[in-house]
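S.K.: Structure file work_14.csv, CSV, C-alpha atoms and all ligand atoms, is pasted below:
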```csv
chain,number,residue,atom,x,y,z
A,166,MET,CA,9.7,12.4,-16.9
A,167,ILE,CA,7.8,9.1,-16.9
A,168,TYR,CA,6.6,8.4,-13.4
A,169,LEU,CA,6.4,4.7,-12.6
A,170,ASP,CA,6.6,4.8,-8.8
A,171,ASN,CA,2.9,5.1,-8.0
A,172,ALA,CA,3.2,2.6,-5.1
A,173,ALA,CA,5.5,5.1,-3.3
A,174,SER,CA,3.3,8.1,-3.9
A,175,THR,CA,1.0,9.5,-6.5
A,176,GLN,CA,0.5,12.8,-8.4
A,177,ILE,CA,-2.2,14.9,-6.7
A,178,HIS,CA,-5.4,15.1,-8.8
A,179,GLU,CA,-6.1,18.6,-10.1
A,180,ASP,CA,-9.7,18.6,-8.7
A,181,VAL,CA,-8.3,17.4,-5.3
A,182,LEU,CA,-5.9,20.4,-5.2
A,183,ASN,CA,-8.7,22.8,-6.1
A,184,SER,CA,-11.0,21.4,-3.4
A,185,MET,CA,-8.3,22.1,-0.8
A,186,MET,CA,-7.5,25.7,-1.7
A,187,PRO,CA,-10.4,27.4,0.1
A,188,TYR,CA,-9.4,25.7,3.4
A,189,LEU,CA,-5.8,26.9,3.0
A,190,LYS,CA,-7.0,30.5,2.4
A,191,GLU,CA,-10.2,32.0,3.6
A,192,GLN,CA,-11.8,29.0,5.3
A,193,TYR,CA,-9.3,28.8,8.1
A,194,GLY,CA,-11.7,28.3,11.1
A,195,ASN,CA,-11.2,25.7,13.8
A,196,PRO,CA,-13.7,22.9,13.2
A,197,SER,CA,-14.4,22.9,17.0
A,198,SER,CA,-15.4,26.6,17.0
A,199,ILE,CA,-19.1,27.5,17.3
A,200,HIS,CA,-19.1,30.5,14.9
A,201,ARG,CA,-19.7,30.2,11.2
A,202,TYR,CA,-16.0,29.6,10.3
A,203,GLY,CA,-15.9,26.7,12.7
A,204,ARG,CA,-19.2,25.3,11.5
A,205,LEU,CA,-18.1,25.5,7.8
A,206,ALA,CA,-14.9,23.6,8.6
A,207,HIS,CA,-16.8,21.0,10.6
A,208,LYS,CA,-19.2,20.5,7.7
A,209,ALA,CA,-16.3,20.1,5.3
A,210,ILE,CA,-14.8,17.3,7.4
A,211,GLU,CA,-18.1,15.5,7.7
A,212,LYS,CA,-18.5,15.6,4.0
A,213,ALA,CA,-15.1,14.1,3.5
A,214,ARG,CA,-15.8,11.4,6.1
A,215,LYS,CA,-18.8,10.3,3.9
A,216,GLN,CA,-16.6,10.3,0.8
A,217,ILE,CA,-13.9,8.2,2.5
A,218,ALA,CA,-16.5,5.8,3.9
A,219,ALA,CA,-18.3,5.3,0.6
A,220,LEU,CA,-15.2,4.1,-1.1
A,221,ILE,CA,-15.0,1.0,1.2
A,222,ASN,CA,-18.8,0.7,1.9
A,223,ALA,CA,-18.4,1.8,5.6
A,224,ASP,CA,-20.6,4.1,7.6
A,225,PRO,CA,-19.1,7.6,8.1
A,226,SER,CA,-19.1,7.1,11.9
A,227,GLU,CA,-16.7,4.2,11.3
A,228,ILE,CA,-14.0,6.4,9.8
A,229,LEU,CA,-11.2,7.7,12.1
A,230,ILE,CA,-9.1,10.3,10.3
A,231,THR,CA,-5.3,10.0,11.0
A,232,SER,CA,-2.1,11.5,9.7
A,233,GLY,CA,-1.7,8.7,7.2
A,234,GLY,CA,-1.2,5.0,6.7
A,235,THR,CA,1.6,4.7,9.3
A,236,GLU,CA,-0.5,6.2,12.0
A,237,SER,CA,-3.5,4.1,11.1
A,238,ASN,CA,-1.5,0.9,11.5
A,239,ASN,CA,0.1,2.1,14.7
A,240,THR,CA,-3.3,3.2,16.1
A,241,VAL,CA,-4.9,-0.2,15.7
A,242,LEU,CA,-1.9,-2.1,17.0
A,243,LYS,CA,-1.5,0.2,20.0
A,244,GLY,CA,-5.2,0.8,20.5
A,245,ILE,CA,-6.0,-3.0,20.7
A,246,SER,CA,-3.0,-4.0,22.7
A,247,GLY,CA,-3.9,-1.5,25.3
A,248,LYS,CA,-7.3,-3.2,25.9
A,249,ASN,CA,-5.9,-6.2,27.7
A,250,ILE,CA,-7.9,-8.8,25.8
A,251,GLY,CA,-5.0,-11.1,25.0
A,252,ASN,CA,-1.2,-10.9,24.5
A,253,LYS,CA,-0.8,-12.5,21.1
A,254,ILE,CA,-0.8,-10.8,17.7
A,255,ILE,CA,-0.7,-12.6,14.4
A,256,THR,CA,0.6,-10.9,11.3
A,257,SER,CA,2.8,-11.9,8.3
A,258,LEU,CA,6.4,-11.7,7.3
A,259,ILE,CA,5.7,-9.5,4.3
A,260,GLU,CA,3.9,-6.5,6.1
A,261,HIS,CA,5.1,-2.9,5.7
A,262,ASP,CA,7.4,-1.6,8.3
A,263,ALA,CA,4.5,0.4,9.6
A,264,ILE,CA,3.2,-2.9,11.0
A,265,LEU,CA,6.5,-4.7,11.6
A,266,GLU,CA,8.1,-2.0,13.7
A,267,PRO,CA,5.2,-1.4,16.1
A,268,CYS,CA,5.0,-5.2,16.5
A,269,LYS,CA,8.6,-5.3,17.5
A,270,LYS,CA,7.9,-2.7,20.1
A,271,LEU,CA,4.9,-4.7,21.4
A,272,VAL,CA,7.2,-7.8,21.8
A,273,GLU,CA,9.4,-5.7,24.1
A,274,GLU,CA,6.3,-4.9,26.1
A,275,GLY,CA,5.6,-8.6,26.6
A,276,PHE,CA,3.4,-9.4,23.6
A,277,ILE,CA,3.9,-12.5,21.5
A,278,VAL,CA,3.8,-11.9,17.7
A,279,ASP,CA,3.5,-14.7,15.2
A,280,TYR,CA,4.5,-14.1,11.6
A,281,LEU,CA,2.7,-16.1,8.9
A,282,HIS,CA,4.8,-17.3,6.0
A,283,VAL,CA,4.4,-16.9,2.3
A,284,ASP,CA,5.0,-19.1,-0.7
A,285,HIS,CA,7.3,-18.1,-3.6
A,286,PHE,CA,4.5,-15.9,-5.1
A,287,GLY,CA,4.0,-14.1,-1.8
A,288,ILE,CA,0.7,-15.8,-0.9
A,289,ILE,CA,-0.2,-16.5,2.7
A,290,ASP,CA,-2.1,-19.8,3.3
A,291,PRO,CA,-5.2,-19.2,5.5
A,292,SER,CA,-4.8,-22.6,7.0
A,293,GLU,CA,-1.6,-21.4,8.7
A,294,LEU,CA,-3.7,-18.8,10.5
A,295,ILE,CA,-6.1,-21.5,11.7
A,296,ASP,CA,-3.1,-23.4,13.2
A,297,CYS,CA,-1.8,-20.2,14.9
A,298,LEU,CA,-5.0,-18.8,16.3
A,299,THR,CA,-5.4,-19.1,20.1
A,300,GLU,CA,-7.9,-17.8,22.6
A,301,ASP,CA,-5.4,-15.1,23.8
A,302,THR,CA,-5.0,-13.6,20.2
A,303,CYS,CA,-6.1,-9.9,20.4
A,304,LEU,CA,-5.5,-9.0,16.8
A,305,VAL,CA,-4.8,-10.5,13.4
A,306,SER,CA,-3.3,-8.1,10.9
A,307,ILE,CA,-2.8,-9.3,7.2
A,308,MET,CA,-2.1,-6.8,4.4
A,309,PHE,CA,-4.4,-6.6,1.5
A,310,GLY,CA,-2.0,-6.0,-1.4
A,311,ASN,CA,1.7,-6.1,-1.0
A,312,ASN,CA,3.6,-2.8,-1.7
A,313,GLU,CA,6.6,-4.5,-3.3
A,314,VAL,CA,5.5,-7.4,-5.4
A,315,GLY,CA,1.7,-6.6,-5.6
A,316,THR,CA,0.4,-9.9,-4.3
A,317,ILE,CA,-3.2,-9.8,-3.1
A,318,GLN,CA,-4.2,-12.0,-0.2
A,319,GLN,CA,-7.4,-13.9,0.3
A,320,ILE,CA,-8.7,-11.3,2.7
A,321,SER,CA,-12.2,-12.7,3.0
A,322,GLU,CA,-10.8,-16.1,4.1
A,323,PHE,CA,-8.7,-14.6,6.8
A,324,ALA,CA,-11.6,-12.4,8.0
A,325,LYS,CA,-14.0,-15.4,8.1
A,326,ILE,CA,-11.5,-17.4,10.3
A,327,CYS,CA,-11.2,-14.4,12.7
A,328,ASN,CA,-15.0,-13.6,12.7
A,329,ALA,CA,-15.8,-17.2,13.6
A,330,LYS,CA,-13.6,-16.9,16.7
A,331,LYS,CA,-14.6,-13.3,17.4
A,332,ILE,CA,-11.0,-12.2,17.1
A,333,PRO,CA,-10.5,-8.6,15.6
A,334,PHE,CA,-9.2,-8.6,12.0
A,335,HIS,CA,-7.2,-5.7,10.6
A,336,THR,CA,-5.9,-5.3,7.1
A,337,ASP,CA,-3.3,-2.7,5.8
A,338,ALA,CA,-5.1,-2.0,2.6
A,339,ILE,CA,-3.1,1.1,1.7
A,340,GLN,CA,-1.9,-0.2,-1.7
A,341,ALA,CA,-5.3,-1.7,-2.5
A,342,VAL,CA,-7.9,1.1,-1.7
A,343,GLY,CA,-8.8,2.8,-4.9
A,344,LYS,CA,-7.1,0.1,-7.0
A,345,VAL,CA,-9.4,-2.8,-6.3
A,346,PRO,CA,-13.1,-2.8,-5.2
A,347,ILE,CA,-13.2,-3.1,-1.4
A,348,ASP,CA,-16.4,-3.7,0.6
A,349,VAL,CA,-15.5,-3.9,4.3
A,350,LYS,CA,-19.0,-5.3,5.2
A,351,ALA,CA,-19.0,-8.1,2.5
A,352,LEU,CA,-15.4,-9.0,3.4
A,353,GLY,CA,-16.0,-9.1,7.2
A,354,ILE,CA,-13.2,-6.7,8.0
A,355,ASP,CA,-13.0,-5.1,11.5
A,356,PHE,CA,-10.2,-2.6,10.9
A,357,LEU,CA,-8.7,-1.3,7.7
A,358,SER,CA,-5.9,1.3,7.0
A,359,ILE,CA,-6.0,3.8,4.2
A,360,SER,CA,-3.5,6.5,3.0
A,361,SER,CA,-4.5,9.5,0.9
A,362,HIS,CA,-1.3,10.0,-1.0
A,363,LYS,CA,-1.4,6.6,-2.5
A,364,LEU,CA,-4.6,7.5,-4.3
A,365,HIS,CA,-3.9,10.9,-5.7
A,366,GLY,CA,-4.7,12.8,-2.5
A,367,PRO,CA,-2.4,15.0,-0.4
A,368,LYS,CA,0.3,13.5,1.9
A,369,GLY,CA,0.1,13.3,5.7
A,370,ILE,CA,-3.5,12.2,5.9
A,371,GLY,CA,-5.3,8.9,6.1
A,372,ALA,CA,-7.9,6.9,7.9
A,373,LEU,CA,-8.5,3.9,10.0
A,374,TYR,CA,-11.9,2.1,9.4
A,375,ILE,CA,-13.1,0.8,12.8
A,376,LYS,CA,-16.2,-1.4,12.6
A,377,ASN,CA,-18.9,0.1,14.8
A,378,ASP,CA,-18.8,-2.8,17.4
A,379,MET,CA,-15.0,-2.6,17.8
A,380,ASN,CA,-13.2,-0.8,20.5
A,381,ILE,CA,-9.7,0.6,20.8
A,382,ASP,CA,-7.8,2.8,23.3
A,383,PRO,CA,-7.0,6.3,22.2
A,384,VAL,CA,-3.4,6.9,21.2
A,385,ILE,CA,-3.3,10.7,21.3
A,386,LEU,CA,-5.0,12.5,24.2
A,387,GLY,CA,-6.2,16.1,24.3
A,388,GLY,CA,-9.2,18.1,23.2
A,389,GLY,CA,-11.2,15.0,22.3
A,390,GLN,CA,-11.5,15.3,18.5
A,391,GLU,CA,-12.2,12.2,16.3
A,392,TYR,CA,-14.4,10.5,18.9
A,393,GLY,CA,-11.8,11.1,21.6
A,394,LEU,CA,-9.5,8.6,19.8
A,395,ARG,CA,-7.2,11.1,18.2
A,396,SER,CA,-7.1,14.6,19.7
A,397,GLY,CA,-5.7,17.6,17.9
A,398,THR,CA,-7.1,20.2,15.6
A,399,GLU,CA,-8.0,18.6,12.4
A,400,ASN,CA,-6.0,19.2,9.2
A,401,VAL,CA,-9.1,20.5,7.4
A,402,ALA,CA,-7.5,21.1,3.9
A,403,ASN,CA,-5.9,17.7,3.8
A,404,ILE,CA,-9.1,16.0,5.0
A,405,VAL,CA,-11.1,17.8,2.3
A,406,GLY,CA,-8.6,16.7,-0.4
A,407,PHE,CA,-8.5,13.2,0.9
A,408,GLY,CA,-12.3,13.0,0.7
A,409,LYS,CA,-12.3,14.4,-2.8
A,410,ALA,CA,-9.6,11.8,-3.9
A,411,CYS,CA,-11.8,9.0,-2.5
A,412,GLU,CA,-14.8,10.3,-4.3
A,413,ILE,CA,-12.9,10.5,-7.6
A,414,ALA,CA,-11.4,7.0,-7.1
A,415,ARG,CA,-14.9,5.6,-6.4
A,416,ASN,CA,-16.5,7.2,-9.4
A,417,ASN,CA,-13.9,5.9,-11.8
A,418,LEU,CA,-12.9,2.7,-10.1
A,419,ILE,CA,-13.9,0.2,-12.8
A,420,GLU,CA,-12.6,2.2,-15.8
A,421,ASN,CA,-9.3,3.0,-13.9
A,422,ILE,CA,-8.7,-0.6,-13.1
A,423,SER,CA,-9.1,-1.8,-16.6
A,424,TYR,CA,-7.1,1.1,-18.0
A,425,VAL,CA,-4.1,0.6,-15.6
A,426,LYS,CA,-4.3,-3.2,-15.8
A,427,ASN,CA,-4.2,-3.1,-19.6
A,428,LEU,CA,-1.1,-0.8,-19.5
A,429,ARG,CA,0.6,-3.0,-16.9
A,430,ASP,CA,-0.1,-6.2,-18.9
A,431,ILE,CA,1.4,-4.6,-22.1
A,432,LEU,CA,4.5,-3.6,-20.0
A,433,VAL,CA,4.9,-7.1,-18.5
A,434,GLU,CA,4.4,-8.9,-21.8
A,435,LYS,CA,6.9,-6.7,-23.6
A,436,VAL,CA,9.5,-6.9,-20.9
A,437,LEU,CA,9.3,-10.7,-20.7
A,438,HIS,CA,9.4,-11.0,-24.5
A,439,GLU,CA,12.0,-8.5,-25.4
A,440,ILE,CA,14.6,-8.8,-22.6
A,441,PRO,CA,16.3,-12.1,-21.9
A,442,GLU,CA,16.7,-13.7,-18.4
A,443,VAL,CA,14.0,-11.8,-16.7
A,444,THR,CA,11.2,-13.0,-14.4
A,445,LEU,CA,8.0,-11.5,-13.2
A,446,ASN,CA,7.7,-11.7,-9.4
A,447,GLY,CA,4.7,-12.0,-7.2
A,448,ASP,CA,1.5,-13.8,-8.1
A,449,PRO,CA,0.8,-13.6,-11.8
A,450,LYS,CA,-3.0,-13.5,-11.2
A,451,SER,CA,-3.8,-12.4,-7.7
A,452,ARG,CA,-2.0,-9.1,-7.9
A,453,LEU,CA,-2.6,-5.3,-7.8
A,454,PRO,CA,-3.6,-4.1,-11.3
A,455,ASN,CA,-0.8,-1.4,-11.3
A,456,ASN,CA,2.1,-3.5,-10.1
A,457,ALA,CA,4.9,-5.0,-12.2
A,458,HIS,CA,7.9,-6.4,-10.3
A,459,PHE,CA,10.8,-8.0,-12.2
A,460,THR,CA,14.2,-9.7,-11.6
A,461,PHE,CA,16.8,-9.0,-14.2
A,462,LEU,CA,19.5,-11.6,-13.3
A,463,GLY,CA,23.0,-10.2,-13.4
A,464,VAL,CA,21.9,-6.6,-12.9
A,465,ASN,CA,22.0,-4.5,-9.8
A,466,GLY,CA,18.6,-3.0,-9.2
A,467,GLU,CA,20.0,0.2,-7.8
A,468,ASP,CA,22.2,0.7,-10.9
A,469,LEU,CA,19.1,0.1,-13.0
A,470,ILE,CA,17.2,2.8,-11.2
A,471,ILE,CA,20.0,5.4,-11.5
A,472,LYS,CA,20.2,4.6,-15.2
A,473,LEU,CA,16.4,4.7,-15.7
A,474,ASP,CA,16.4,8.1,-14.0
A,475,GLU,CA,19.0,9.3,-16.5
A,476,TYR,CA,16.6,8.2,-19.2
A,477,GLY,CA,13.8,10.2,-17.5
A,478,ILE,CA,12.0,7.2,-15.9
A,479,ALA,CA,11.2,7.1,-12.1
A,480,ALA,CA,11.3,3.5,-10.8
A,481,SER,CA,12.1,1.7,-7.5
A,482,THR,CA,13.6,-1.5,-6.3
A,483,GLY,CA,10.8,-2.1,-3.9
A,484,SER,CA,9.6,-0.2,-0.9
A,485,ALA,CA,10.8,3.4,-0.5
A,486,CYS,CA,11.1,2.8,3.2
A,487,SER,CA,13.6,0.0,2.9
A,488,VAL,CA,16.0,2.3,1.2
A,489,ASN,CA,16.4,4.3,4.4
A,490,THR,CA,17.3,1.3,6.4
A,491,GLN,CA,19.6,-0.1,3.7
A,492,ARG,CA,18.6,-3.7,4.1
A,493,ALA,CA,17.6,-6.4,1.6
A,494,SER,CA,13.9,-6.6,1.0
A,495,HIS,CA,12.3,-8.7,3.8
A,496,VAL,CA,9.4,-9.4,1.4
A,497,LEU,CA,11.7,-11.1,-1.2
A,498,GLN,CA,13.5,-12.9,1.6
A,499,ALA,CA,10.3,-14.3,2.9
A,500,MET,CA,9.5,-15.4,-0.7
A,501,LYS,CA,12.8,-17.3,-0.6
A,502,PHE,CA,14.5,-15.3,-3.3
A,503,SER,CA,18.3,-15.8,-3.6
A,504,HIS,CA,20.6,-12.9,-2.9
A,505,GLU,CA,21.1,-12.5,-6.7
A,506,GLN,CA,17.4,-12.5,-7.4
A,507,ILE,CA,16.9,-9.8,-4.8
A,508,THR,CA,19.7,-7.7,-6.1
A,509,GLY,CA,18.3,-7.7,-9.6
A,510,SER,CA,14.8,-6.7,-8.7
A,511,LEU,CA,12.9,-3.7,-10.1
A,512,ARG,CA,9.4,-2.4,-9.3
A,513,LEU,CA,7.4,-0.5,-11.8
A,514,THR,CA,4.0,0.8,-10.5
A,515,LEU,CA,1.7,2.5,-12.9
A,516,GLY,CA,-1.2,4.9,-12.5
A,517,VAL,CA,-4.0,6.6,-14.3
A,518,PHE,CA,-1.8,9.4,-15.5
A,519,ASN,CA,0.5,7.0,-17.4
A,520,ASN,CA,-0.1,6.2,-21.1
A,521,HIS,CA,0.8,3.7,-23.8
A,522,ASP,CA,3.7,5.8,-25.2
A,523,GLU,CA,5.3,5.9,-21.8
A,524,VAL,CA,5.1,2.1,-21.6
A,525,GLU,CA,6.7,1.7,-25.0
A,526,GLN,CA,9.5,4.1,-24.1
A,527,THR,CA,10.1,2.4,-20.8
A,528,VAL,CA,10.5,-1.0,-22.5
A,529,SER,CA,12.9,0.3,-25.1
A,530,SER,CA,15.0,2.1,-22.5
A,531,LEU,CA,15.1,-0.9,-20.2
A,532,LYS,CA,16.3,-3.1,-23.1
A,533,ILE,CA,19.3,-0.8,-23.7
A,534,ILE,CA,20.1,-0.3,-20.0
A,535,VAL,CA,19.9,-3.9,-19.0
A,536,GLU,CA,22.1,-5.0,-21.9
A,537,GLU,CA,24.6,-2.3,-21.0
A,538,LEU,CA,24.7,-3.1,-17.2
A,539,ARG,CA,25.0,-6.9,-18.0
A,540,SER,CA,28.0,-6.3,-20.1
A,541,PHE,CA,29.8,-5.2,-16.9
A,542,SER,CA,28.2,-7.9,-14.7
A,543,PRO,CA,30.4,-10.3,-12.7
A,544,PHE,CA,27.7,-12.9,-13.4
A,545,LYS,CA,28.2,-12.5,-17.2
A,546,GLU,CA,29.8,-15.9,-17.7
A,547,LYS,CA,27.2,-17.7,-15.5
A,548,TYR,CA,24.2,-16.7,-17.6
A,549,SER,CA,24.7,-16.4,-21.3
A,550,PHE,CA,22.6,-13.3,-21.6
A,551,GLY,CA,21.2,-12.4,-24.9
A,552,LEU,CA,22.3,-15.7,-26.4
A,553,LYS,CA,18.9,-17.3,-26.3
A,554,ALA,CA,18.9,-20.1,-28.9
B,601,LIG,C1,2.7,3.7,2.0
B,601,LIG,C2,2.3,2.5,2.8
B,601,LIG,C3,2.3,2.7,4.2
B,601,LIG,C4,2.5,4.0,4.9
B,601,LIG,O1,1.6,5.0,4.6
B,601,LIG,P1,1.9,6.5,4.8
B,601,LIG,O2,0.6,7.2,4.6
B,601,LIG,O3,3.0,6.9,3.9
B,601,LIG,O4,2.4,6.7,6.3
B,601,LIG,C5,1.9,1.6,5.0
B,601,LIG,N1,1.6,0.4,4.4
B,601,LIG,C6,1.7,0.2,3.1
B,601,LIG,C7,1.4,-1.1,2.5
B,601,LIG,C8,2.1,1.3,2.2
B,601,LIG,O5,2.2,1.1,0.9
```
Can I see the file as C-alpha cells?
Ligand SMILES: *Cc1c(COP(=O)(O)O)cnc(C)c1O
M.R.:
Amino acid sequence: MIYLDNAASTQIHEDVLNSMMPYLKEQYGNPSSIHRYGRLAHKAIEKARKQIAALINADPSEILITSGGTESNNTVLKGISGKNIGNKIITSLIEHDAILEPCKKLVEEGFIVDYLHVDHFGIIDPSELIDCLTEDTCLVSIMFGNNEVGTIQQISEFAKICNAKKIPFHTDAIQAVGKVPIDVKALGIDFLSISSHKLHGPKGIGALYIKNDMNIDPVILGGGQEYGLRSGTENVANIVGFGKACEIARNNLIENISYVKNLRDILVEKVLHEIPEVTLNGDPKSRLPNNAHFTFLGVNGEDLIIKLDEYGIAASTGSACSVNTQRASHVLQAMKFSHEQITGSLRLTLGVFNNHDEVEQTVSSLKIIVEELRSFSPFKEKYSFGLKA
C-alpha cells in the first residue's frame, strides 16, 4: 500500500512505540501515587511535557495535556467562554469541525460568532479581523494550516492585531505542528492546539498550549490533575509516546520539511503536466509542505478514491470528518468552488515514510484511473478531455 493520507493520521514511529511499551507493561503506576511506581510515572509525564513544549518554544508549565486535537479546541472555546469576559468569538469559515461545532453550541448559549471569509486560495485577510474586532470579543481562533487544502494563514498578523487589543488569540495548529517551524513566543500566540497522531505519535492524546498569563475555566472536574484544568488519571503511555514524537519531529524538522516538500512538488508537477484538465487548489506558495489538493474536472472524487484504493493507494477527498456527515466540503464552499469543482477534488498528503517511487507510481495510476472515470463522465462532452491541442 502507498499511504497518502497523512493529514488524516500518520504511521506511529518505531521509536515512539518502543518508548511507550514500558508504561503499558511494568510501569503501570498512577502518577499521583507517592510510591516509586507513581513517582516514575510522574517523571515520565514531566519529561514528555518538556519535549512537547520544546517543539513550539513554550515553557513546560504552559502545556496542558488533553485527549487530542478535538479536546484541545473544545477546552479553549469552553474554557474562555466560561470566564465571562465578553460574548463574541471570531473564527473563520474554513476551521475544522472541532472548532465549528463547539462554536455552534456557544451560539445556542447566547454567544455571537463571526466567521471570517477566505479568498479563492483559502487565505483569510487580516484586515477583516480588524473590522470585526470589538471590545466584547473574548477569543479569536484562526487555524494555522488548513487540513483540506493546506493553506497556511498569516498567523503572526492575526496575533499582532489581537495582542494590541489584549484579546486572547488561539490557533488550531494541528496540521502544522511538526510540519513547519512554530515558535509561540515569536508569533505572539496565546493558545495553540496540537494532536499527537498527526505527527507520528499515538491517537487519543494531544495538548493545548496556554500562555502563562492566560486563564481558562476547567472543563473536566475531579482529582485536580493537569493544574486542575483537566482531571482524570493521566494516559501515561500515550503521553510518553506523544513526547517522543515531538522530540523526533523537532530533531528532524528542517530535513523532513525539505524531504516531504520535494516529494510533494514532484507529485504536483507531474500531475499537472501529465493529466489534462486538473487544477491545484489552495495557495500555491503559502501551504503545508505535505499537502497536494487537486480538482479533476468531470470525475467524482469518491470514485477516484475507491479506484485508487484498488491500485493500493490510500487517498482522501478532504477531511475524514466530513465523510461521516456526508456534506460537501465547507472549506471548498467558502473558497467559492462550484459544485463540479468540489465533486472532482482529491487530497494527497505525504509524509516522511513516503518515497520517490511511490510518487511515480501514484501519478501513473492516477493517469489511468482519471482517464477511465472520465470516459464514463456525464460532463464528457462539456470538456474535451485529453484533446489538448
Ligand atoms: C485532526 C484535526 C483535528 C482533530 O484532532 P484529533 O486529535 O483527531 O481529535 C482538529 N483540527 C484539525 C485541523 C485537524 O487536522
S.K.: So the first atom is CA of Lys435 in chain A and the second is CA of Ala479 in chain A; what is the distance between them in Å, to one decimal place?
M.R.: 18.5 Å
S.K.: As a PyMOL selection string, please: the residues near Lys350 in chain A (cut-off 9 Å, all atoms listed in the file, same-chain neighbours under 3 positions excluded).
M.R.: chain A and resi 221-223+353-355+376
S.K.: For a quick check of understanding, using only C-alpha atoms, which of A:Arg201, A:Ile210, A:Asp262, A:His438 has the smallest distance to Gly408 in chain A?
M.R.: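 Distance minimum relative to Gly408 in chain A lands on A:Ile210.
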S.K.: Could you jot down the CA of Ala499 in chain A to CA of Leu258 in chain A separation for me, Å, one decimal place?
M.R.: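 That distance, rounded to one decimal, is 6.4 Å.
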S.K.: Pick out the residues sitting within 12 Å of Gly397 in chain A, and hand them over as a list of chain:residue names; count all atoms listed in the file, and ignore anything fewer than 5 positions along from it in its own chain.
M.R.: A:Asn195, A:Pro196, A:Ser197, A:Ile230, A:Thr231, A:Ser232, A:Val384, A:Ile385, A:Leu386, A:Gly387, A:Gly388, A:Gly389, A:Gln390, A:Glu391, A:Tyr392
S.K.: Show me a table, sorted first by chain and then by increasing residue number, of the residues of chain A having an atom at most 7 Å from ligand LIG 601 (chain B), each with its shortest atom pair and the distance in Å to one decimal, counting only C-alpha atoms and all ligand atoms and written as JSON lines.
M.R.:
```
{"residue": "A:Ala172", "atom": "CA", "partner": "B:LIG601", "partner_atom": "O5", "distance": 6.3}
{"residue": "A:Ala173", "atom": "CA", "partner": "B:LIG601", "partner_atom": "C1", "distance": 6.2}
{"residue": "A:Gly233", "atom": "CA", "partner": "B:LIG601", "partner_atom": "O2", "distance": 3.8}
{"residue": "A:Gly234", "atom": "CA", "partner": "B:LIG601", "partner_atom": "O1", "distance": 3.5}
{"residue": "A:Thr235", "atom": "CA", "partner": "B:LIG601", "partner_atom": "O4", "distance": 3.7}
{"residue": "A:Glu236", "atom": "CA", "partner": "B:LIG601", "partner_atom": "O4", "distance": 6.4}
{"residue": "A:Glu260", "atom": "CA", "partner": "B:LIG601", "partner_atom": "C7", "distance": 7.0}
{"residue": "A:His261", "atom": "CA", "partner": "B:LIG601", "partner_atom": "N1", "distance": 5.0}
{"residue": "A:Ala263", "atom": "CA", "partner": "B:LIG601", "partner_atom": "C5", "distance": 5.4}
{"residue": "A:Met308", "atom": "CA", "partner": "B:LIG601", "partner_atom": "C7", "distance": 7.0}
{"residue": "A:Asn311", "atom": "CA", "partner": "B:LIG601", "partner_atom": "C7", "distance": 6.1}
{"residue": "A:Asn312", "atom": "CA", "partner": "B:LIG601", "partner_atom": "O5", "distance": 4.9}
{"residue": "A:Asp337", "atom": "CA", "partner": "B:LIG601", "partner_atom": "C7", "distance": 6.0}
{"residue": "A:Ala338", "atom": "CA", "partner": "B:LIG601", "partner_atom": "C7", "distance": 6.6}
{"residue": "A:Ile339", "atom": "CA", "partner": "B:LIG601", "partner_atom": "C7", "distance": 5.1}
{"residue": "A:Gln340", "atom": "CA", "partner": "B:LIG601", "partner_atom": "O5", "distance": 5.0}
{"residue": "A:Ser360", "atom": "CA", "partner": "B:LIG601", "partner_atom": "O2", "distance": 4.5}
{"residue": "A:Ser361", "atom": "CA", "partner": "B:LIG601", "partner_atom": "O2", "distance": 6.7}
{"residue": "A:His362", "atom": "CA", "partner": "B:LIG601", "partner_atom": "O2", "distance": 6.5}
{"residue": "A:Lys363", "atom": "CA", "partner": "B:LIG601", "partner_atom": "C1", "distance": 6.7}
{"residue": "A:Lys368", "atom": "CA", "partner": "B:LIG601", "partner_atom": "O2", "distance": 6.9}
{"residue": "A:Gly369", "atom": "CA", "partner": "B:LIG601", "partner_atom": "O2", "distance": 6.2}
{"residue": "A:Ile370", "atom": "CA", "partner": "B:LIG601", "partner_atom": "O2", "distance": 6.6}
{"residue": "A:Gly371", "atom": "CA", "partner": "B:LIG601", "partner_atom": "O2", "distance": 6.3}
```
S.K.: Tell me which protein, DNA and RNA residues are within 12 Å of Asn446 in chain A, counting only C-alpha atoms, leaving out same-chain ones fewer than 6 positions away, and put them as an MDAnalysis selection string.
M.R.: chainID A and resid 284:288 311 313:316 433 437 452 456:461 483 496:497 500:502 506:507 509:513
S.K.: Show me, as a PyMOL selection string, the residues that have an atom within 12 Å of Asn183 in chain A when counting all atoms listed in the file, minus same-chain residues fewer than 3 positions from it.
M.R.: chain A and resi 177-180+186-190+366-367+402-403+405-407+409-410
S.K.: Interatomic distance between CA of Ile307 in chain A and CA of Pro267 in chain A?
M.R.: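 Interatomic distance here is 14.3 Å.
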S.K.: Using all atoms listed in the file, which residue out of A:Lys325, A:Lys243, A:Lys426, A:His207 lies closest to Glu399 in chain A?
M.R.: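 Of all the options, A:His207 lies closest to Glu399 in chain A.
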